[in-house]
Structures are given as structure tokens and as C-alpha cells.
Amino acid sequence: MIWRVAGWATGRWARWVIVALWLAVAVVSTPLAARLGDAQTNDASAFLPAEAESTRVLAEQRALPGGDAIPAVAVFARTDRPLTTADQAAIAAAATRLAPFATTTLTGAVPAPDGRAALLIIPMAQSADANAFADRIDQMRSILRGLAPPGLETSVTGPAGVIVDTYTAFVQIEGTLFLVTAAVVAVILLLVYRGPLLWLVPLITVGIADQAATAIVSLLAQHAGLTVNGQSAGILRVLVFGAGTDYALLLIARYREELTRYAAPAEAMRVAIHRAGPAILASAGTVVIGLLCLLLGELNSDRGLGPVGAIGIITAFVTMMTLLPAALVICGRRLFWPRIPQLDVELAQVAESVQVAESVQVAELAAASGVWARIGVTIARRPRLVWLATSAVLAGMALGLVAFDTGLRQQDAFRERTDSIAGQQLVAAHFPPGASAPAYVIGATSASTELAQTIRETPGVATAVENGHGGGRAQYVVILTDEPDSDASFATIERLRARVHAVPGADALVGGNTAVNLDVRKAAIRDRELVIPLVLGVVLAILGLLLCSVVAPLILIATVALSFLAALGVSALVFKHVFGFPGADPSLPLFGFIFLVALGVDYNIFLMTRVREETARSDARQGVLRGLSVTGGVITSAGVVLAATFSVLFIFPLIQLAEIGFLVAFGVLLDTLVVRSVLVPALALDLGSAMWWPSRLGRRERRPPAPDVVEPDDADSMRA
């Protein structure tokens, strides 16, 4: 049914209706897409599991007087001497000037033990208007700079400062991300097609898909409670551009091939959709289902990324199967100028006499030439040696996992120096390390005496003071002796939780930034252990249904998993020894797995569906050689596009996005150029018809070896 709908888009009048409808969608969606930044949530609630203890602390804090405030920490410090009289006067003036930003009366500044620094804590009201909240933090920073005498360093840090710096990083890069991504795709399409016209159609089409997907996500975030943060918003754009361009490359390649067999562009497009559509649908479906598996995770960031990414892929698929075919047919053959595909009379006669899928071996009408044809013949000489050697190399690359470290701390998350991180460093230099990110304990006031004593006696706690109570509950601010987000501070949170939970009648909870990040790490591990096996099972089932085989899906899953481990191993070494990153985000393995397995299987789907088609016409050996030859150029182009779009994430000043960008870009290239091009063909050649067991193709008798007659490399046709 879906191919009838897509084919309908090429009808004489329908094609114009489709184009008009999509142009209307672009006009309506563009202003809606621009509002996505306002709908983002980049505070702890955007990441925390709903049932985590730190989440429950946040909920209880809202019930305390002023408990829903977000603390901003104003820091004043000198590196060479104690604070001067002028410094003290400036701090007092700052307290007066900052008082209107606070929800409660400000207490006095807290001096550092060495006398060289002071802290001023400003509880700020939460706001749904992220821009307004960021403006208030900017005003506070401007006030401090204006009051500071020469030599006095100032900063606004704490949870409020970190949230604003994170939000600002995403907002400032949002427009740049769109322009850079579009420019990267445009350059690659120009290099592929080497023509002045053809590249514009897929680029404009994927641009419309991007705006439509962003608008849908923006509406769902504002009105349906969908969690969207800067990370998922950035990945959405990359996914739509990367996957959408891949689908365009594959469809245009098959359309150009059919233009040599059919005189009418509409008929050529209908056949192209019928032949290439199932592989594109299976590809999109694999990614969508893989992403939706994230809904079973505990982290809000995982649960939010799943539907956000799925919406992007579905929108890209629908756009490329409706708008792109309609636009291509309207433009006709002249769009391929100066390398216009000409009708081959002999092929046209074959197409007219029988169905293309059951035609004589059309591929044999072409000469055995081209890069991918020669690669296939080379692999076919000693396929077992090739796949054994390739597997050994990939396994060696995976050994880099011994250097993989998921200990990225919040203060190390930015690639560039920000005011909030500079403030945390000032606090750590003059106060107990945990002062910049205190923990919070909330418990029953009836057990306050024993609870307070338990908190202060816990190893790793520097000090604790009660700072508010209400409704029978009291809150304690707890300063830890170790740096926030370190292994030692995580251990202190674990000890503190165990001890306060044991206080009779206290019903105590432990939260705060370090507790939040501890809960996030635990949830990330649980999500990884749950989602990865589930995605493997889902992808295996899809491959089995698509390829009508048991052996082929198992082989493909094994190769993609090996490719993922190799990419992760190399990335770990590069992060540590080339980029000098202090660690990796704990969610990186899961995100990398989702993208690399789902997207990596795509290229194997494109290859193996064509191999199966060609095998049905000849035998297993010729099927592999012809399939590799005819898809080599287009799949390589698609892989380069996807890798290039993910590498755009490097423009973000956040380490976690830069790591996702490198891992996926490198992994896609590895999968495209090594796994799909060498490892999978070698395994298929070595297994022969057994690759397709237990289908009818797997039970065919092997034909006598025939000359390796393959199609010319499709890369030239892609560049037309």
C-alpha cells in the first residue's frame, strides 16, 4: 500500500499537489520550529529518572518555603592576598544590588577559611521563560564585574549558573548548527552529482523535512509534555539531515538507473520506488524502533531522545518518499544535466517485455568495470582469509575499550571556559571542595536532633546546617569534603543515604547536584543493560523478516556489533590521547550503540536486499558481486553524508556532544568502508547459498563458477 501512495505522488496532477502541500508545510512549520529553544528543559528534571531519590528531593524542596528556588552562588576571590577593605565594601554593595533577584532575604557573605574569598548565595525563583532566567543571571554577572575593585575575581556559579551556561551554549549554536549542517550536505551532494542543478532538490527537500520535524517536536514539547533538551534538539537536526539525505541518494540512484530503461520519468520513478522503497522503509523502521526502545529507559534524557529522534526519521522518510519523487518527476531528465541519463533501447525492450524483477540478467548487459566491481572480484579470490583478517583488525581496535572512562564530571563538561565553571574552580581553591555543589538532606522535624548528628558524623561530610523547614519536614545543607562528582563524593552520598535512611522516623532523603549525577550514572547503566539487548533483538527480527533468512541476519548483527565495539575502542583512545577529554558521558555507549547499530544496519540492508535480488536472478556468488558493484558508490556516498552530518556536533562547546559526533561519524565510516564493503561481502561469498538458509535461495544447488560479470561502479551514475 505504501508504494501505491508513493507512486501516486508521481501522477500528472498529484505531483503538483504534493509539492504545493509541502511548501505550505514549510511556511507553517518554520516559525514553529524557531520556538524549539523556548521549549527545551536543560535542568536536572530533563535528565533525572522519575523515581530517583534526588528527584524526590526536588519535589519535596518545592513544598518548603522558598524551596523551589534555584541557588546561584556569587563568588569573590583574590589569588595573591586576603580580601581588602575595598573588596569587603564591594561584596556588601553586591549583596544590596543582588537582593531583588532573590526569593528570600539574603544572608551575609560566607568568608573562606584562608580569608581570600567569599560566597554569596542567591536563591532565585524558577521560571518557565528560559531566556528571562538567563537574562537575570547575565545581569548579576554584569553587576559583579562593575563593582569589583582591580584584582578581585568574580563569578556567578552554582546550579543556576550552570543551567544558564548550558542553555546559552545550545541557543547560541542553534542557528549555526542548521547552516553548517546544510552547508556540509550541500558540498557533499555537489561532489557526488557534479552538476549545477540536481543537488538542490534533495537539499531543499531535506531542509523542509528538518523544519517540519522540528515544528512537530516543538509543539509536542509545549503542549504534550515531551521532554526536549539541547542534546536531543541538536541530534534531531543531524538525524534528519543525515538520514534524509541518505534516503535521497538511494532513491535518486535507483531512479537514474531506471531512466535508462523507461522513457517516461514518472514510470521510471514508480519502478524505482517499488524496488528501492522496501529497503528504505526497513532502514527507517529499524532506526525508529531502535530509538523508541529508549522509552523503556529510566533517564528522562533517554526517554525524550527516543520519540524526538523517531519523529525526525519518520518525517524524513515521508518527505523523501513523497516530495522528493514528485519534484524529481516534475524536473524530468534535464535535472541531471550535464550527465543526463539516456534511454537504452535494448534495456527498454527488456523492461517492456517482462517485469524488471524477473527479467533476464540485465546486469550482464553492462561491462565488468568500476572500482566496486574490482573490489568484489578481489575479495572473491580468498573470501575466508579476507573476513578473518578484517575481523581480527576490528577486534584489535576494540581493545581500546580498556581506556574507556565514563567519569566525565559536570565541571569538565564544557570544552570552553564558562563563568559557572570558573566559579566552581574559585570555590574549590578557597573552600571545602564540595561548597560549590552542596548536598541536601530532607527529613522529619520530629527526628531532627538524631538526623543532624548522623549527617555531621558521616565520613566525607565537612559541615551541615539546617536552612529551612515546613510541613513537618526540615532541610539541611551539607558540604562535602571531596570535589563534586568525584568517586569519593559519590561514595559519601552513598554512605550518607545509608545512614540517614536508618534514622528511625526520619524518612530522610538525600539530593543535590552530586546526588543527581550519581542517580543519572546509575540509571544510564541500567538503561544500557536493558535497551542494548532489546535493540539487538528488534533489529534481528526486522532483518529476518526483510531477508527471509536466519543466517544472514545473525551474520549482519554480529558484524555491526563488532564494528560498534571497534569504533568505541578507537574513540576511547582518541578522546584520551588526541583530544585530551577528561572522560566520557555515561550515556555515550548507549547513544552510540543506538545510532551505530540502527544506522549501521541500514547500509547492510541496502547492500543485502540488492544482493538477494541479484542472487534470485543468478547464484549466490554473482549476487554478491553484482550487489556490491551496483550499490557500492551510492552507499559510500550515503555513509560519508551521515558521518559528515554527525561530525557537525563538534561545533557544540559541550564534550558529550562532541564525543557523540566523533563516535558516530567514525563508526559510520568504519561500517561503510570496512564492514559493508569488505567484511559482509567476504562472509557472504564464503558461505554462499547457506547465507540465505532456510529460504528457497538457501536450498539452491550451487551453479558452476561463472565469469565475474558485474555492473559498472555506480559512483559515476551518482555523480551525474
# chains A, B, ... in the order shown; residues from 1 in each chain; ligands from 1
call {"tool": "select_by_dssp", "arguments": {"residues": "segment 183-215 of chain A", "states": "helix (DSSP H, G or I)", "output": "list in words"}}
result
Ala183, Val184, Val185, Ala186, Val187, Ile188, Leu189, Leu190, Leu191, Val192, Tyr193, Leu200, Val201, Pro202, Leu203, Ile204, Thr205, Val206, Gly207, Ile208, Ala209, Asp210, Gln211, Ala212, Ala213, Thr214 and Ala215 of chain A
call {"tool": "write_last_selection", "arguments": {"atoms": "N, CA and C atoms", "output": "PDB file, in the first residue's frame"}}
result
ATOM      1  N   ALA A 183      25.226  23.282   4.873  1.00  0.00           N
ATOM      2  CA  ALA A 183      26.392  23.525   4.021  1.00  0.00           C
ATOM      3  C   ALA A 183      27.183  22.243   3.777  1.00  0.00           C
ATOM      4  N   VAL A 184      27.337  21.435   4.831  1.00  0.00           N
ATOM      5  CA  VAL A 184      28.067  20.165   4.681  1.00  0.00           C
ATOM      6  C   VAL A 184      27.349  19.252   3.701  1.00  0.00           C
ATOM      7  N   VAL A 185      26.034  19.133   3.846  1.00  0.00           N
ATOM      8  CA  VAL A 185      25.263  18.283   2.939  1.00  0.00           C
ATOM      9  C   VAL A 185      25.337  18.817   1.512  1.00  0.00           C
ATOM     10  N   ALA A 186      25.253  20.140   1.352  1.00  0.00           N
ATOM     11  CA  ALA A 186      25.315  20.742   0.012  1.00  0.00           C
ATOM     12  C   ALA A 186      26.642  20.443  -0.673  1.00  0.00           C
ATOM     13  N   VAL A 187      27.741  20.583   0.052  1.00  0.00           N
ATOM     14  CA  VAL A 187      29.061  20.328  -0.537  1.00  0.00           C
ATOM     15  C   VAL A 187      29.183  18.870  -0.966  1.00  0.00           C
ATOM     16  N   ILE A 188      28.730  17.954  -0.113  1.00  0.00           N
ATOM     17  CA  ILE A 188      28.846  16.537  -0.457  1.00  0.00           C
ATOM     18  C   ILE A 188      27.973  16.202  -1.663  1.00  0.00           C
ATOM     19  N   LEU A 189      26.757  16.744  -1.704  1.00  0.00           N
ATOM     20  CA  LEU A 189      25.888  16.485  -2.855  1.00  0.00           C
ATOM     21  C   LEU A 189      26.491  17.048  -4.139  1.00  0.00           C
ATOM     22  N   LEU A 190      27.126  18.201  -4.053  1.00  0.00           N
ATOM     23  CA  LEU A 190      27.788  18.768  -5.232  1.00  0.00           C
ATOM     24  C   LEU A 190      28.902  17.852  -5.715  1.00  0.00           C
ATOM     25  N   LEU A 191      29.686  17.315  -4.764  1.00  0.00           N
ATOM     26  CA  LEU A 191      30.779  16.415  -5.138  1.00  0.00           C
ATOM     27  C   LEU A 191      30.247  15.108  -5.716  1.00  0.00           C
ATOM     28  N   VAL A 192      29.124  14.632  -5.189  1.00  0.00           N
ATOM     29  CA  VAL A 192      28.567  13.365  -5.667  1.00  0.00           C
ATOM     30  C   VAL A 192      27.987  13.521  -7.063  1.00  0.00           C
ATOM     31  N   TYR A 193      27.173  14.558  -7.255  1.00  0.00           N
ATOM     32  CA  TYR A 193      26.438  14.683  -8.520  1.00  0.00           C
ATOM     33  C   TYR A 193      27.193  15.479  -9.584  1.00  0.00           C
ATOM     34  N   LEU A 200      20.318  20.529  -5.603  1.00  0.00           N
ATOM     35  CA  LEU A 200      19.390  21.442  -4.949  1.00  0.00           C
ATOM     36  C   LEU A 200      18.110  20.755  -4.496  1.00  0.00           C
ATOM     37  N   VAL A 201      17.620  19.808  -5.304  1.00  0.00           N
ATOM     38  CA  VAL A 201      16.342  19.181  -4.985  1.00  0.00           C
ATOM     39  C   VAL A 201      16.411  18.391  -3.672  1.00  0.00           C
ATOM     40  N   PRO A 202      17.364  17.462  -3.484  1.00  0.00           N
ATOM     41  CA  PRO A 202      17.410  16.767  -2.189  1.00  0.00           C
ATOM     42  C   PRO A 202      17.736  17.698  -1.032  1.00  0.00           C
ATOM     43  N   LEU A 203      18.555  18.722  -1.263  1.00  0.00           N
ATOM     44  CA  LEU A 203      18.891  19.644  -0.174  1.00  0.00           C
ATOM     45  C   LEU A 203      17.667  20.426   0.286  1.00  0.00           C
ATOM     46  N   ILE A 204      16.904  20.968  -0.658  1.00  0.00           N
ATOM     47  CA  ILE A 204      15.685  21.703  -0.294  1.00  0.00           C
ATOM     48  C   ILE A 204      14.681  20.765   0.375  1.00  0.00           C
ATOM     49  N   THR A 205      14.580  19.547  -0.142  1.00  0.00           N
ATOM     50  CA  THR A 205      13.632  18.582   0.425  1.00  0.00           C
ATOM     51  C   THR A 205      13.982  18.241   1.862  1.00  0.00           C
ATOM     52  N   VAL A 206      15.254  17.972   2.129  1.00  0.00           N
ATOM     53  CA  VAL A 206      15.646  17.610   3.491  1.00  0.00           C
ATOM     54  C   VAL A 206      15.557  18.829   4.407  1.00  0.00           C
ATOM     55  N   GLY A 207      15.746  20.033   3.858  1.00  0.00           N
ATOM     56  CA  GLY A 207      15.555  21.232   4.661  1.00  0.00           C
ATOM     57  C   GLY A 207      14.113  21.393   5.108  1.00  0.00           C
ATOM     58  N   ILE A 208      13.179  21.105   4.220  1.00  0.00           N
ATOM     59  CA  ILE A 208      11.757  21.153   4.581  1.00  0.00           C
ATOM     60  C   ILE A 208      11.436  20.077   5.624  1.00  0.00           C
ATOM     61  N   ALA A 209      12.007  18.889   5.447  1.00  0.00           N
ATOM     62  CA  ALA A 209      11.796  17.819   6.436  1.00  0.00           C
ATOM     63  C   ALA A 209      12.323  18.240   7.808  1.00  0.00           C
ATOM     64  N   ASP A 210      13.460  18.913   7.829  1.00  0.00           N
ATOM     65  CA  ASP A 210      14.042  19.374   9.096  1.00  0.00           C
ATOM     66  C   ASP A 210      13.105  20.356   9.797  1.00  0.00           C
ATOM     67  N   GLN A 211      12.583  21.321   9.055  1.00  0.00           N
ATOM     68  CA  GLN A 211      11.692  22.305   9.661  1.00  0.00           C
ATOM     69  C   GLN A 211      10.390  21.655  10.142  1.00  0.00           C
ATOM     70  N   ALA A 212       9.870  20.725   9.362  1.00  0.00           N
ATOM     71  CA  ALA A 212       8.628  20.045   9.753  1.00  0.00           C
ATOM     72  C   ALA A 212       8.834  19.227  11.024  1.00  0.00           C
ATOM     73  N   ALA A 213       9.935  18.462  11.077  1.00  0.00           N
ATOM     74  CA  ALA A 213      10.201  17.636  12.257  1.00  0.00           C
ATOM     75  C   ALA A 213      10.423  18.502  13.497  1.00  0.00           C
ATOM     76  N   THR A 214      11.177  19.577  13.346  1.00  0.00           N
ATOM     77  CA  THR A 214      11.442  20.463  14.481  1.00  0.00           C
ATOM     78  C   THR A 214      10.155  21.109  14.979  1.00  0.00           C
ATOM     79  N   ALA A 215       9.274  21.489  14.047  1.00  0.00           N
ATOM     80  CA  ALA A 215       7.996  22.087  14.435  1.00  0.00           C
ATOM     81  C   ALA A 215       7.142  21.090  15.210  1.00  0.00           C
TER      82      ALA A 215
END
call {"tool": "residues_around", "arguments": {"residues": "Arg81 of chain A", "least_positions_apart": "2", "cutoff": "9 Å", "atoms": "only C-alpha atoms", "output": "list in words"}}
result
Arg78, Thr79, Leu83, Thr84, Gly115 and Arg116 of chain A
call {"tool": "closest_residue", "arguments": {"among": "A:Ser448, A:Glu457, A:Ala148, A:Thr406", "to": "Asp485 of chain A", "atoms": "only C-alpha atoms"}}
result
A:Thr406
call {"tool": "closest_residue", "arguments": {"among": "A:Ala33, A:Ala327, A:Leu546, A:Leu530", "to": "Arg612 of chain A", "atoms": "only C-alpha atoms"}}
result
A:Leu546
call {"tool": "residues_around", "arguments": {"residues": "Ala266 of chain A", "least_positions_apart": "2", "cutoff": "9 Å", "atoms": "only C-alpha atoms", "output": "ChimeraX atom specification"}}
result
/A:7,10-12,262-264,268-271,325-326,328-330,332
call {"tool": "residues_around", "arguments": {"residues": "Ala272 of chain A", "least_positions_apart": "4", "cutoff": "9 Å", "atoms": "only C-alpha atoms", "output": "PDB file with N, CA and C atoms, in the first residue's frame"}}
result
ATOM      1  N   LEU A 251      17.325   6.652  -3.421  1.00  0.00           N
ATOM      2  CA  LEU A 251      16.206   6.723  -4.357  1.00  0.00           C
ATOM      3  C   LEU A 251      16.642   7.324  -5.687  1.00  0.00           C
ATOM      4  N   ILE A 252      17.447   8.379  -5.652  1.00  0.00           N
ATOM      5  CA  ILE A 252      17.891   9.014  -6.900  1.00  0.00           C
ATOM      6  C   ILE A 252      18.770   8.060  -7.697  1.00  0.00           C
ATOM      7  N   ALA A 253      19.614   7.282  -7.011  1.00  0.00           N
ATOM      8  CA  ALA A 253      20.468   6.326  -7.726  1.00  0.00           C
ATOM      9  C   ALA A 253      19.618   5.300  -8.472  1.00  0.00           C
ATOM     10  N   ARG A 254      18.582   4.767  -7.799  1.00  0.00           N
ATOM     11  CA  ARG A 254      17.745   3.777  -8.469  1.00  0.00           C
ATOM     12  C   ARG A 254      16.892   4.433  -9.562  1.00  0.00           C
ATOM     13  N   TYR A 255      16.456   5.666  -9.332  1.00  0.00           N
ATOM     14  CA  TYR A 255      15.684   6.406 -10.338  1.00  0.00           C
ATOM     15  C   TYR A 255      16.524   6.635 -11.586  1.00  0.00           C
ATOM     16  N   ARG A 256      17.763   7.014 -11.417  1.00  0.00           N
ATOM     17  CA  ARG A 256      18.624   7.234 -12.581  1.00  0.00           C
ATOM     18  C   ARG A 256      18.850   5.938 -13.353  1.00  0.00           C
ATOM     19  N   GLU A 257      18.988   4.847 -12.603  1.00  0.00           N
ATOM     20  CA  GLU A 257      19.149   3.541 -13.239  1.00  0.00           C
ATOM     21  C   GLU A 257      17.921   3.197 -14.081  1.00  0.00           C
ATOM     22  N   GLU A 258      16.736   3.472 -13.529  1.00  0.00           N
ATOM     23  CA  GLU A 258      15.504   3.142 -14.254  1.00  0.00           C
ATOM     24  C   GLU A 258      15.257   4.083 -15.435  1.00  0.00           C
ATOM     25  N   GLU A 267       7.139   6.817 -14.893  1.00  0.00           N
ATOM     26  CA  GLU A 267       7.191   5.355 -14.838  1.00  0.00           C
ATOM     27  C   GLU A 267       8.503   4.884 -14.228  1.00  0.00           C
ATOM     28  N   ALA A 268       9.608   5.550 -14.591  1.00  0.00           N
ATOM     29  CA  ALA A 268      10.905   5.198 -14.005  1.00  0.00           C
ATOM     30  C   ALA A 268      10.891   5.406 -12.496  1.00  0.00           C
ATOM     31  N   ALA A 276      13.495   0.269  -4.622  1.00  0.00           N
ATOM     32  CA  ALA A 276      14.333   0.786  -3.533  1.00  0.00           C
ATOM     33  C   ALA A 276      13.533   1.060  -2.268  1.00  0.00           C
ATOM     34  N   GLY A 277      12.212   1.258  -2.411  1.00  0.00           N
ATOM     35  CA  GLY A 277      11.387   1.634  -1.272  1.00  0.00           C
ATOM     36  C   GLY A 277      11.421   0.674  -0.101  1.00  0.00           C
TER      37      GLY A 277
END
call {"tool": "closest_residue", "arguments": {"among": "A:Val550, A:Leu518, A:Asp482, A:Ala398", "to": "Leu565 of chain A", "atoms": "only C-alpha atoms"}}
result
A:Ala398
call {"tool": "residues_around", "arguments": {"residues": "Val478 of chain A", "least_positions_apart": "5", "cutoff": "9 Å", "atoms": "only C-alpha atoms", "output": "list in words"}}
result
Gly434, Ala435, Pro438, Ala439, Tyr440, Val441, Ile455, Arg456, Val461, Ala462, Thr463, Ala464, Val465 and Glu466 of chain A
call {"tool": "closest_residue", "arguments": {"among": "A:Trp199, A:Asn467, A:Ala506, A:Ala34", "to": "Thr449 of chain A", "atoms": "only C-alpha atoms"}}
result
A:Ala506
call {"tool": "atom_distance", "arguments": {"atom1": "atom CA of Pro278 of chain A", "atom2": "atom CA of Arg696 of chain A"}}
result
19.9 Å
call {"tool": "residues_around", "arguments": {"residues": "Phe170 of chain A", "least_positions_apart": "6", "cutoff": "9 Å", "atoms": "only C-alpha atoms", "output": "list in words"}}
result
Gly37, Asn229, Gly230, Gln231, Ala233, Gly234, Phe652, Pro653 and Leu654 of chain A
call {"tool": "atom_distance", "arguments": {"atom1": "atom CA of Thr286 of chain A", "atom2": "atom CA of Leu23 of chain A"}}
result
28.5 Å
call {"tool": "atom_distance", "arguments": {"atom1": "atom CA of Leu249 of chain A", "atom2": "atom CA of Ser637 of chain A"}}
result
7.7 Å
call {"tool": "closest_atom_pairs", "arguments": {"of": "segment 566-632 of chain A", "to": "segment 375-392 of chain A", "cutoff": "12 Å", "atoms": "only C-alpha atoms", "output": "Markdown table"}}
result
| residue | atom | partner | partner_atom | distance |
| --- | --- | --- | --- | --- |
| A:Ala566 | CA | A:Ser391 | CA | 9.9 |
| A:Ala620 | CA | A:Ala380 | CA | 11.6 |
| A:Arg621 | CA | A:Ala380 | CA | 8.2 |
| A:Gln622 | CA | A:Gly376 | CA | 9.8 |
| A:Gly623 | CA | A:Gly376 | CA | 10.8 |
| A:Val624 | CA | A:Gly376 | CA | 7.9 |
| A:Leu625 | CA | A:Gly376 | CA | 5.4 |
| A:Arg626 | CA | A:Gly376 | CA | 8.4 |
| A:Gly627 | CA | A:Gly376 | CA | 9.3 |
| A:Leu628 | CA | A:Gly376 | CA | 6.7 |
| A:Ser629 | CA | A:Gly376 | CA | 7.1 |
| A:Val630 | CA | A:Gly376 | CA | 10.8 |
| A:Thr631 | CA | A:Gly376 | CA | 11.5 |
| A:Gly632 | CA | A:Ile375 | CA | 9.7 |
call {"tool": "closest_residue", "arguments": {"among": "A:Ala373, A:Ala552, A:Leu480, A:Ala95", "to": "Thr492 of chain A", "atoms": "only C-alpha atoms"}}
result
A:Leu480
call {"tool": "closest_residue", "arguments": {"among": "A:Val162, A:Met397, A:Ala474, A:Leu554", "to": "Met691 of chain A", "atoms": "only C-alpha atoms"}}
result
A:Leu554
